[in-house]
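Peer 1: This one is data_9.cif, mmCIF, C-alpha atoms.
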```
data_my_file
#
loop_
_atom_site.label_atom_id
_atom_site.label_comp_id
_atom_site.auth_asym_id
_atom_site.auth_seq_id
_atom_site.Cartn_x
_atom_site.Cartn_y
_atom_site.Cartn_z
CA MET A 8 -65.69 32.55 39.30
CA LYS A 9 -64.17 34.02 36.09
CA LYS A 10 -61.06 34.92 38.07
CA ILE A 11 -60.67 31.31 39.28
CA VAL A 12 -61.05 29.98 35.68
CA SER A 13 -58.38 32.42 34.44
CA ILE A 14 -55.94 31.31 37.12
CA ILE A 15 -56.52 27.63 36.23
CA THR A 16 -56.04 28.41 32.53
CA ILE A 17 -52.71 30.23 33.16
CA ILE A 18 -51.44 27.36 35.34
CA SER A 19 -52.38 24.86 32.60
CA ILE A 20 -50.54 26.81 29.93
CA MET A 21 -47.43 27.11 32.12
CA PHE A 22 -47.52 23.37 32.82
CA MET A 23 -47.81 22.57 29.10
CA LEU A 24 -44.89 24.89 28.29
CA LEU A 25 -42.82 23.27 31.03
CA VAL A 26 -43.58 19.79 29.74
CA GLY A 27 -42.84 20.91 26.20
CA CYS A 28 -39.45 22.35 27.17
CA THR A 29 -38.59 19.22 29.11
CA THR A 30 -39.54 16.99 26.20
CA SER A 31 -37.54 19.12 23.79
CA ALA A 32 -34.50 19.01 26.05
CA GLU A 33 -34.83 15.25 26.43
CA THR A 34 -35.14 14.87 22.66
CA ASN A 35 -32.00 16.97 22.04
CA GLU A 36 -30.15 15.02 24.69
CA ALA A 37 -31.29 11.76 23.11
CA ASP A 38 -30.17 12.97 19.67
CA GLN A 39 -26.75 13.86 21.06
CA ASP A 40 -26.48 10.50 22.80
CA SER A 41 -27.44 8.77 19.55
CA GLN A 42 -24.82 10.70 17.61
CA THR A 43 -22.15 9.94 20.22
CA SER A 44 -23.16 6.31 20.21
CA THR A 45 -22.93 6.14 16.40
CA GLU A 46 -19.48 7.71 16.45
CA SER A 47 -18.22 5.42 19.19
CA SER A 48 -19.61 2.36 17.43
CA LYS A 49 -17.60 2.98 14.28
CA ILE A 50 -14.91 0.45 13.48
CA LYS A 51 -11.52 2.06 14.09
CA ILE A 52 -8.93 1.32 11.42
CA GLY A 53 -5.33 2.47 11.73
CA ILE A 54 -3.32 2.68 8.49
CA ILE A 55 0.44 3.20 8.63
CA GLN A 56 2.97 3.52 5.81
CA PRO A 57 6.73 3.93 6.28
CA VAL A 58 7.24 6.81 3.89
CA GLU A 59 5.38 8.91 1.33
CA HIS A 60 5.94 7.78 -2.25
CA PRO A 61 3.62 7.16 -5.19
CA SER A 62 3.30 3.36 -4.84
CA LEU A 63 2.46 3.40 -1.14
CA ASN A 64 0.25 6.46 -1.49
CA GLN A 65 -1.68 4.70 -4.24
CA ILE A 66 -2.20 1.64 -2.05
CA ARG A 67 -3.51 3.76 0.84
CA GLU A 68 -5.82 5.77 -1.41
CA TYR A 69 -7.33 2.64 -2.94
CA ILE A 70 -7.79 0.89 0.39
CA ILE A 71 -9.93 3.84 1.46
CA LYS A 72 -11.63 4.02 -1.94
CA GLY A 73 -12.28 0.28 -1.83
CA LEU A 74 -13.97 0.59 1.57
CA GLU A 75 -16.15 3.38 0.19
CA GLU A 76 -17.07 1.29 -2.86
CA GLN A 77 -18.20 -1.50 -0.56
CA GLY A 78 -20.51 0.81 1.36
CA LEU A 79 -18.39 0.91 4.51
CA ALA A 80 -17.55 4.63 4.53
CA ASP A 81 -20.08 5.40 7.27
CA ARG A 82 -19.14 2.40 9.39
CA VAL A 83 -15.41 2.98 9.71
CA GLU A 84 -13.21 5.64 11.26
CA ILE A 85 -9.83 5.72 9.53
CA THR A 86 -6.68 7.09 11.12
CA TYR A 87 -3.63 7.41 8.85
CA ARG A 88 -0.05 7.90 9.99
CA ASP A 89 3.19 8.24 7.98
CA ALA A 90 6.52 7.28 9.58
CA GLN A 91 8.25 9.84 7.31
CA GLY A 92 11.06 7.48 6.37
CA ASP A 93 12.25 7.10 9.97
CA PRO A 94 12.04 3.46 11.16
CA SER A 95 12.00 4.60 14.80
CA ASN A 96 8.67 6.32 14.14
CA ILE A 97 7.02 3.05 13.15
CA ASN A 98 6.98 1.51 16.64
CA THR A 99 5.75 4.80 18.11
CA ILE A 100 2.83 4.93 15.69
CA ILE A 101 1.95 1.28 16.22
CA SER A 102 1.98 1.86 20.01
CA GLN A 103 -0.43 4.75 19.51
CA PHE A 104 -2.70 2.50 17.47
CA THR A 105 -2.78 -0.21 20.13
CA GLY A 106 -3.21 2.42 22.87
CA ASP A 107 -6.14 3.89 20.96
CA LYS A 108 -7.63 0.38 20.72
CA MET A 109 -7.86 0.23 16.96
CA ASP A 110 -10.14 -2.57 15.79
CA ILE A 111 -7.98 -3.29 12.74
CA ILE A 112 -4.40 -2.25 11.94
CA VAL A 113 -3.36 -1.99 8.28
CA PRO A 114 0.42 -1.70 7.85
CA ILE A 115 1.68 -0.94 4.35
CA GLY A 116 5.10 -2.46 3.69
CA THR A 117 7.16 -5.18 5.35
CA GLY A 118 8.76 -3.22 8.20
CA THR A 119 5.49 -1.73 9.38
CA ALA A 120 3.81 -5.14 9.20
CA GLN A 121 6.55 -6.73 11.30
CA SER A 122 6.19 -4.01 13.93
CA ALA A 123 2.40 -4.36 14.04
CA ALA A 124 2.59 -8.15 14.31
CA ALA A 125 5.07 -7.85 17.18
CA ALA A 126 2.94 -5.28 19.00
CA THR A 127 -0.33 -7.18 19.19
CA LYS A 128 -1.48 -10.78 19.09
CA GLU A 129 -5.17 -9.89 19.35
CA THR A 130 -5.99 -6.99 17.04
CA PRO A 131 -6.38 -8.12 13.41
CA VAL A 132 -3.41 -6.99 11.32
CA ILE A 133 -4.08 -6.88 7.58
CA PHE A 134 -0.89 -6.01 5.74
CA ALA A 135 -0.50 -4.56 2.27
CA ALA A 136 2.49 -4.83 -0.06
CA VAL A 137 4.56 -7.38 1.81
CA SER A 138 6.30 -9.32 -0.93
CA TYR A 139 7.43 -12.31 1.13
CA PRO A 140 5.26 -12.74 4.27
CA VAL A 141 6.80 -16.09 5.28
CA GLU A 142 10.39 -14.84 4.99
CA ALA A 143 9.35 -11.73 6.93
CA GLY A 144 8.10 -13.93 9.79
CA LEU A 145 4.51 -12.73 9.53
CA VAL A 146 2.89 -16.09 8.76
CA GLU A 147 4.05 -19.68 8.47
CA ASP A 148 1.29 -20.87 6.17
CA LEU A 149 -0.02 -18.54 3.47
CA SER A 150 -3.19 -20.56 3.00
CA ARG A 151 -4.17 -20.62 6.68
CA PRO A 152 -2.65 -17.86 8.81
CA GLU A 153 -2.27 -19.16 12.34
CA GLY A 154 -2.30 -15.89 14.27
CA ASN A 155 -3.90 -12.48 13.91
CA VAL A 156 -2.04 -11.54 10.71
CA THR A 157 -3.00 -11.86 7.06
CA GLY A 158 -2.92 -9.56 4.04
CA VAL A 159 -2.12 -9.07 0.37
CA SER A 160 1.37 -9.75 -0.96
CA ASP A 161 2.91 -7.76 -3.79
CA ALA A 162 5.44 -10.43 -4.74
CA ILE A 163 6.64 -9.80 -8.26
CA ASP A 164 7.37 -12.38 -10.92
CA VAL A 165 11.03 -11.56 -11.45
CA LYS A 166 11.37 -13.98 -14.37
CA GLN A 167 8.66 -12.18 -16.34
CA ILE A 168 10.42 -8.85 -15.89
CA PHE A 169 13.74 -10.19 -17.16
CA ASP A 170 12.06 -12.04 -20.03
CA LEU A 171 10.54 -8.70 -21.02
CA ALA A 172 14.00 -7.11 -20.86
CA PHE A 173 15.49 -9.85 -23.05
CA GLU A 174 12.66 -9.32 -25.54
CA ILE A 175 12.86 -5.54 -26.03
CA THR A 176 16.53 -4.91 -25.15
CA PRO A 177 18.26 -8.15 -26.21
CA ASP A 178 21.79 -6.72 -26.25
CA ILE A 179 22.05 -6.44 -22.46
CA LYS A 180 25.17 -8.21 -21.19
CA THR A 181 25.25 -6.93 -17.60
CA PHE A 182 22.43 -5.91 -15.26
CA GLY A 183 22.89 -3.60 -12.29
CA PHE A 184 20.84 -4.08 -9.14
CA VAL A 185 20.07 -1.26 -6.72
CA TYR A 186 18.16 -1.87 -3.50
CA ASN A 187 18.13 -1.40 0.26
CA THR A 188 19.56 -4.44 2.05
CA GLY A 189 17.39 -3.55 5.05
CA GLU A 190 14.21 -4.37 3.13
CA VAL A 191 13.43 -8.08 3.29
CA ASN A 192 11.25 -7.97 0.19
CA SER A 193 14.01 -6.37 -1.88
CA VAL A 194 16.66 -8.85 -0.79
CA ALA A 195 14.39 -11.79 -1.63
CA ALA A 196 13.50 -10.37 -5.06
CA VAL A 197 17.12 -9.65 -5.95
CA ASN A 198 18.15 -13.15 -4.87
CA LYS A 199 15.53 -14.56 -7.24
CA ALA A 200 16.85 -12.25 -9.98
CA LYS A 201 20.40 -13.50 -9.42
CA GLU A 202 19.26 -17.11 -9.63
CA TYR A 203 17.47 -16.47 -12.92
CA LEU A 204 20.35 -14.54 -14.49
CA ASP A 205 22.76 -17.28 -13.41
CA GLU A 206 20.58 -19.75 -15.31
CA LYS A 207 20.68 -17.48 -18.36
CA GLY A 208 24.43 -16.82 -18.11
CA ILE A 209 23.92 -13.05 -17.79
CA ASN A 210 26.30 -10.97 -15.66
CA TYR A 211 25.16 -8.67 -12.88
CA VAL A 212 26.61 -6.15 -10.46
CA GLU A 213 24.96 -4.43 -7.53
CA SER A 214 24.98 -1.25 -5.47
CA THR A 215 23.16 -1.36 -2.17
CA ILE A 216 21.90 1.60 -0.20
CA THR A 217 20.62 2.24 3.31
CA ASN A 218 18.74 5.47 2.60
CA SER A 219 17.53 7.49 -0.37
CA SER A 220 20.36 10.04 -0.13
CA GLU A 221 22.76 7.31 -1.30
CA LEU A 222 20.78 6.58 -4.45
CA MET A 223 22.47 9.05 -6.80
CA GLN A 224 25.94 7.70 -6.14
CA ALA A 225 24.70 4.12 -6.47
CA ALA A 226 22.96 4.94 -9.75
CA GLN A 227 26.05 6.62 -11.18
CA SER A 228 28.16 3.63 -10.20
CA LEU A 229 25.78 1.16 -11.84
CA ALA A 230 25.36 3.30 -14.96
CA ALA A 231 29.12 3.08 -15.51
CA LYS A 232 29.22 -0.71 -15.14
CA SER A 233 25.97 -2.10 -16.57
CA ASP A 234 23.76 -2.09 -19.66
CA ALA A 235 20.49 -1.91 -17.71
CA ILE A 236 19.38 -1.46 -14.11
CA PHE A 237 16.82 -3.48 -12.18
CA THR A 238 15.18 -2.36 -8.95
CA PRO A 239 12.44 -4.38 -7.19
CA THR A 240 9.55 -2.94 -5.18
CA ASP A 241 12.02 -1.21 -2.89
CA ASN A 242 10.53 1.57 -0.76
CA THR A 243 13.83 3.41 -0.34
CA VAL A 244 14.48 3.50 -4.09
CA ALA A 245 10.86 4.34 -4.81
CA SER A 246 10.98 7.37 -2.53
CA ALA A 247 13.66 8.87 -4.80
CA MET A 248 12.95 7.12 -8.10
CA PRO A 249 13.34 10.29 -10.27
CA VAL A 250 16.99 10.44 -9.15
CA LEU A 251 17.66 6.90 -10.41
CA ALA A 252 15.71 7.53 -13.60
CA SER A 253 17.62 10.72 -14.33
CA GLU A 254 21.04 9.14 -13.91
CA ALA A 255 20.05 6.15 -16.07
CA GLN A 256 18.71 8.44 -18.80
CA LYS A 257 21.97 10.41 -18.81
CA ALA A 258 23.80 7.13 -19.39
CA GLY A 259 21.25 5.99 -22.00
CA ILE A 260 20.31 2.75 -20.25
CA PRO A 261 16.90 1.36 -19.29
CA VAL A 262 15.66 0.82 -15.73
CA TYR A 263 13.41 -2.21 -15.29
CA THR A 264 11.29 -2.05 -12.15
CA GLY A 265 8.99 -4.08 -9.95
CA ALA A 266 6.02 -1.73 -10.01
CA ASP A 267 4.05 0.48 -12.38
CA SER A 268 4.52 3.60 -10.27
CA LEU A 269 8.30 3.32 -10.68
CA VAL A 270 7.81 3.33 -14.44
CA ALA A 271 5.58 6.37 -14.11
CA ASP A 272 8.40 8.04 -12.16
CA GLY A 273 10.85 7.64 -15.05
CA GLY A 274 11.68 3.92 -15.09
CA PHE A 275 11.57 2.20 -18.47
CA ALA A 276 9.32 -0.87 -18.24
CA THR A 277 7.96 -3.69 -16.07
CA VAL A 278 5.59 -6.57 -15.85
CA GLY A 279 4.45 -5.14 -12.62
CA ILE A 280 1.94 -4.48 -9.99
CA ASP A 281 -1.10 -2.30 -10.29
CA TYR A 282 -1.32 -0.93 -6.76
CA THR A 283 -4.89 0.24 -7.27
CA VAL A 284 -5.82 -3.45 -7.55
CA LEU A 285 -3.81 -4.29 -4.46
CA GLY A 286 -5.51 -1.54 -2.43
CA ARG A 287 -8.94 -2.79 -3.38
CA GLN A 288 -7.99 -6.37 -2.47
CA VAL A 289 -6.93 -5.20 0.99
CA ALA A 290 -10.26 -3.39 1.35
CA GLU A 291 -12.11 -6.60 0.49
CA MET A 292 -10.12 -8.39 3.17
CA ILE A 293 -10.93 -5.71 5.74
CA LYS A 294 -14.62 -6.15 4.94
CA LYS A 295 -14.37 -9.87 5.68
CA VAL A 296 -12.94 -9.11 9.14
CA ILE A 297 -15.64 -6.51 9.80
CA GLU A 298 -18.26 -9.10 8.90
CA GLY A 299 -16.82 -11.45 11.51
CA GLU A 300 -14.58 -13.79 9.54
CA SER A 301 -11.64 -15.05 11.58
CA ILE A 302 -8.12 -14.40 10.33
CA GLU A 303 -7.28 -18.10 10.04
CA ASN A 304 -9.98 -18.39 7.38
CA ILE A 305 -8.58 -15.51 5.33
CA PRO A 306 -5.56 -16.76 3.33
CA VAL A 307 -2.78 -14.42 2.31
CA GLU A 308 -3.52 -13.26 -1.22
CA THR A 309 -1.27 -12.29 -4.11
CA LEU A 310 -2.10 -9.83 -6.85
CA LYS A 311 -4.97 -10.72 -9.13
CA GLU A 312 -3.64 -8.71 -12.04
CA TYR A 313 -0.23 -7.96 -13.53
CA GLU A 314 0.41 -5.96 -16.66
CA LYS A 315 3.16 -4.83 -19.00
CA ILE A 316 3.89 -1.15 -18.57
CA ILE A 317 6.28 1.05 -20.54
CA ASN A 318 7.29 4.70 -20.34
CA THR A 319 7.51 5.98 -23.93
CA SER A 320 9.11 9.28 -22.88
CA THR A 321 11.91 7.38 -21.18
CA ALA A 322 12.25 5.13 -24.25
CA GLU A 323 12.73 8.23 -26.39
CA GLN A 324 15.24 9.71 -23.93
CA ILE A 325 17.46 6.61 -24.05
CA GLY A 326 16.97 5.94 -27.75
CA ILE A 327 15.00 2.70 -27.66
CA GLU A 328 12.39 2.31 -30.40
CA ILE A 329 9.34 0.16 -29.81
CA SER A 330 7.12 -0.65 -32.76
CA ASP A 331 3.47 0.37 -32.72
CA GLU A 332 2.56 -3.30 -32.94
CA ALA A 333 4.64 -4.15 -29.86
CA LEU A 334 3.23 -1.21 -27.92
CA LYS A 335 -0.24 -2.73 -28.19
CA GLU A 336 0.77 -5.20 -25.46
CA PHE A 337 1.61 -2.43 -23.00
CA LYS A 338 -0.07 0.04 -20.75
CA ILE A 339 1.69 3.23 -21.81
CA VAL A 340 2.80 6.08 -19.58
CA GLU A 341 4.43 9.18 -21.04
#
```
Is it possible to give me this structure as structure tokens?
Peer 2:
Amino acid sequence: MKKIVSIITIISIMFMLLVGCTTSAETNEADQDSQTSTESSKIKIGIIQPVEHPSLNQIREYIIKGLEEQGLADRVEITYRDAQGDPSNINTIISQFTGDKMDIIVPIGTGTAQSAAAATKETPVIFAAVSYPVEAGLVEDLSRPEGNVTGVSDAIDVKQIFDLAFEITPDIKTFGFVYNTGEVNSVAAVNKAKEYLDEKGINYVESTITNSSELMQAAQSLAAKSDAIFTPTDNTVASAMPVLASEAQKAGIPVYTGADSLVADGGFATVGIDYTVLGRQVAEMIKKVIEGESIENIPVETLKEYEKIINTSTAEQIGIEISDEALKEFKIVE
């Protein structure tokens, strides 16, 4: 009898161990499935910028930071690609994004936004730093985008920049413009600048470029013919801004710019864009899409904040004195 009880006891223990192992395996499998499910349920966001330079980098960094600040870090999966200054790379990257079935595409800059808009009519495209979305063919109505495209414009107030120049460097007789004619935003901004200077009776000359390697020669040409240089939010110029700044400083003339990062890179002053603000605005827009808002109900936005920015080191280099009282109006970079 004792022998029979022992056999039954051993069988019971083996059965319990078998059940336990099975349960453990099922639990592990369930955990893995849950993890896989969580990863696959993340919202896929593809960010593309045409080239690495401080302004665009700042926008990208603050889009990501803005998403984190809004508690979305665990809900999104961000893929970032840089076209490395080669326009032919842009379409390739956008094709990869659509092939990977991104839920949202975030192009930084006009050319990338145009490529994204052409590549998909279904995936939401939320652009950043497109100065003139209507002229770029991205939307027809800023207040009610009709397709799958909206975003945040970085249009600059050209008049304010030139009014600032007239205020702190009133002896300027001739401005020089440098920009890439292939950038729609730059052409539009320079056209507005020409209109305003025509009204004021101020002369201007221009040197256009097609890539950053041409910037030094253009800067030297303008430095010989003008009293100050203006460059808008031009990605090609921005990618080599220290070259322009250096040539202008050698000639002792100021460079007025369209963005704060260009001042930080050696430009003189601007009433410009704070790209950290722009990045956060784009993040807020992404959140609206994630929460289910349709694109047609998300108007194109412009910058919420502009500010006067001056580089005091550059001012010293070119011999322009700004009083302590006047400096109180500026954000200062050195």
Peer 1: Written as a PyMOL selection string, what is the full residue list that the PyMOL selection byres ((chain A and resi 97) around 12) yields on the file shown?
Peer 2: chain A and resi 54-58+88-96+98-104+114-123+125-126
Peer 1: Run the PyMOL selection byres ((chain A and resi 228-232) around 9) against the file shown and list the residues it catches, as a VMD selection string.
Peer 2: chain A and resid 181 to 185 212 to 214 223 to 227 233 to 236 254 to 255 257 to 260
Peer 1: List the residues selected by the PyMOL selection byres ((chain A and resi 144) around 10) in the file shown, writing them as a list in words.
Peer 2: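 Checking the PyMOL selection byres ((chain A and resi 144) around 10) against this file, the residues are Thr117, Ala120, Gln121, Ala124, Tyr139, Pro140, Val141, Glu142, Ala143, Leu145, Val146 and Glu147 of chain A.
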Peer 1: Output C-alpha atoms of each residue in that selection to a file, as a PDB file, in the frame of the given file.
Peer 2:
```pdb
ATOM      1  CA  THR A 117       7.160  -5.180   5.350  1.00  0.00           C
ATOM      2  CA  ALA A 120       3.810  -5.140   9.200  1.00  0.00           C
ATOM      3  CA  GLN A 121       6.550  -6.730  11.300  1.00  0.00           C
ATOM      4  CA  ALA A 124       2.590  -8.150  14.310  1.00  0.00           C
ATOM      5  CA  TYR A 139       7.430 -12.310   1.130  1.00  0.00           C
ATOM      6  CA  PRO A 140       5.260 -12.740   4.270  1.00  0.00           C
ATOM      7  CA  VAL A 141       6.800 -16.090   5.280  1.00  0.00           C
ATOM      8  CA  GLU A 142      10.390 -14.840   4.990  1.00  0.00           C
ATOM      9  CA  ALA A 143       9.350 -11.730   6.930  1.00  0.00           C
ATOM     10  CA  LEU A 145       4.510 -12.730   9.530  1.00  0.00           C
ATOM     11  CA  VAL A 146       2.890 -16.090   8.760  1.00  0.00           C
ATOM     12  CA  GLU A 147       4.050 -19.680   8.470  1.00  0.00           C
TER      13      GLU A 147
END
```
Peer 1: From the options A:Tyr313, A:Ile216, A:Ala136, A:Ser150, which residue's atoms come nearest to Gln65 of chain A, counting only C-alpha atoms?
Peer 2: A:Ala136
Peer 1: From the options A:Lys311, A:Lys338, A:Lys128, A:Lys207, which residue's atoms come nearest to Ser160 of chain A, counting only C-alpha atoms?
Peer 2: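 Ranking A:Lys311, A:Lys338, A:Lys128, A:Lys207 by distance to Ser160 of chain A, first place goes to A:Lys311.
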Peer 1: Return as lines of an AutoDock Vina configuration file the box centre and box size in Å, one decimal, for an axis-aligned box around all listed atoms of segment 157-167 of chain A padded by 8 Å per side.
Peer 2:
```
center_x = 4.2
center_y = -10.9
center_z = -4.6
size_x = 30.4
size_y = 22.2
size_z = 39.4
```
Peer 1: Which one is closest to Arg287 of chain A: A:Glu308, A:Asp272, A:Glu59, A:Glu303? Count all atoms listed in the file.
Peer 2: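 Distance minimum relative to Arg287 of chain A lands on A:Glu308.
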Peer 1: Please indicate the distance in Å from atom CA of Ser246 of chain A to atom CA of His60 of chain A, rounded to one decimal place.
Peer 2: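 About the pair atom CA of Ser246 of chain A and atom CA of His60 of chain A: they are 5.1 Å apart.
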Peer 1: For Lys51 of chain A, list every protein, DNA or RNA residue within 8 Å, evaluated using all atoms listed in the file, and leave out those in the same chain fewer than 2 positions away; present the list as a list of chain:residue names.
Peer 2: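 Near Lys51 of chain A, the qualifying residues are A:Lys49, A:Gly53, A:Val83, A:Glu84, A:Ile85, A:Thr86, A:Lys108, A:Met109, A:Asp110, A:Ile111.
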Peer 1: Can you write out the residues you just picked, keeping C-alpha atoms, as a compact mmCIF listing (two decimals), in the frame of the given file?
Peer 2:
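The file below, again23.txt, is the result:
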```
# COMPACT_ATOMS: atom_id res chain seq x y z
CA LYS A 49 -17.60 2.98 14.28
CA GLY A 53 -5.33 2.47 11.73
CA VAL A 83 -15.41 2.98 9.71
CA GLU A 84 -13.21 5.64 11.26
CA ILE A 85 -9.83 5.72 9.53
CA THR A 86 -6.68 7.09 11.12
CA LYS A 108 -7.63 0.38 20.72
CA MET A 109 -7.86 0.23 16.96
CA ASP A 110 -10.14 -2.57 15.79
CA ILE A 111 -7.98 -3.29 12.74
```
Peer 1: Would you work out the distance separating atom CA of Ser268 of chain A from atom CA of Met248 of chain A, expressed in Å to one decimal?
Peer 2: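 These atoms are spaced 9.4 Å apart.
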Peer 1: Determine, counting all atoms listed in the file, which protein, DNA and RNA residues have an atom within 10 Å of an atom of segment 174-177 of chain A; residues of the same chain fewer than 5 positions away are not included. Present the result as a list of chain:residue names.
Peer 2: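 Everything that qualifies: A:Ile168, A:Phe169, A:Asp234, A:Ala235, A:Ile260, A:Pro261, A:Ala276, A:Ile327, A:Glu328, A:Ile329, A:Ala333.
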Peer 1: Export, as a PDB file, in the frame of the given file, the selected residues with C-alpha atoms.
Peer 2:
```pdb
ATOM      1  CA  ILE A 168      10.420  -8.850 -15.890  1.00  0.00           C
ATOM      2  CA  PHE A 169      13.740 -10.190 -17.160  1.00  0.00           C
ATOM      3  CA  ASP A 234      23.760  -2.090 -19.660  1.00  0.00           C
ATOM      4  CA  ALA A 235      20.490  -1.910 -17.710  1.00  0.00           C
ATOM      5  CA  ILE A 260      20.310   2.750 -20.250  1.00  0.00           C
ATOM      6  CA  PRO A 261      16.900   1.360 -19.290  1.00  0.00           C
ATOM      7  CA  ALA A 276       9.320  -0.870 -18.240  1.00  0.00           C
ATOM      8  CA  ILE A 327      15.000   2.700 -27.660  1.00  0.00           C
ATOM      9  CA  GLU A 328      12.390   2.310 -30.400  1.00  0.00           C
ATOM     10  CA  ILE A 329       9.340   0.160 -29.810  1.00  0.00           C
ATOM     11  CA  ALA A 333       4.640  -4.150 -29.860  1.00  0.00           C
TER      12      ALA A 333
END
```
Peer 1: Quick one: of A:Gly299, A:Gly73, A:Gly208, A:Gly273, who's nearest to Val340 of chain A, counting all atoms listed in the file?
Peer 2: A:Gly273
Peer 1: Which is closer to Ile52 of chain A than all the others in A:Val165, A:Leu204, A:Ile302, A:Ile70, using all atoms listed in the file?
Peer 2: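 Checking each of A:Val165, A:Leu204, A:Ile302, A:Ile70 against Ile52 of chain A, counting all atoms listed in the file, the winner is A:Ile70.
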Peer 1: Go ahead and compute the interatomic distance for atom CA of Asp81 of chain A and atom CA of Thr130 of chain A, in Å to one decimal.
Peer 2: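 Answer for the atom CA of Asp81 of chain A to atom CA of Thr130 of chain A separation: 21.2 Å.
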Peer 1: For Thr277 of chain A, which residue out of A:Gln324, A:Thr240, A:Asn192, A:Thr157 is the nearest one, using all atoms listed in the file?
Peer 2: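 So, comparing all the options, the nearest one is A:Thr240.
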Peer 1: Quick one: residues within 10 Å of Glu336 of chain A, all atoms listed in the file counted, chain neighbours fewer than 3 positions away excluded, as number ranges by chain?
Peer 2: A: 314-317, 331-333, 339
Peer 1: So that I can check the surroundings of Tyr186 of chain A, please list as a list in words every protein, DNA and RNA residue that reaches within 7 Å of it, counting only C-alpha atoms and ignoring chain neighbours fewer than 2 positions away.
Peer 2: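 Listed by chain and then number, they are Phe184, Thr188, Ser193, Thr215, Ile216, Thr238, Asp241 and Val244 of chain A.
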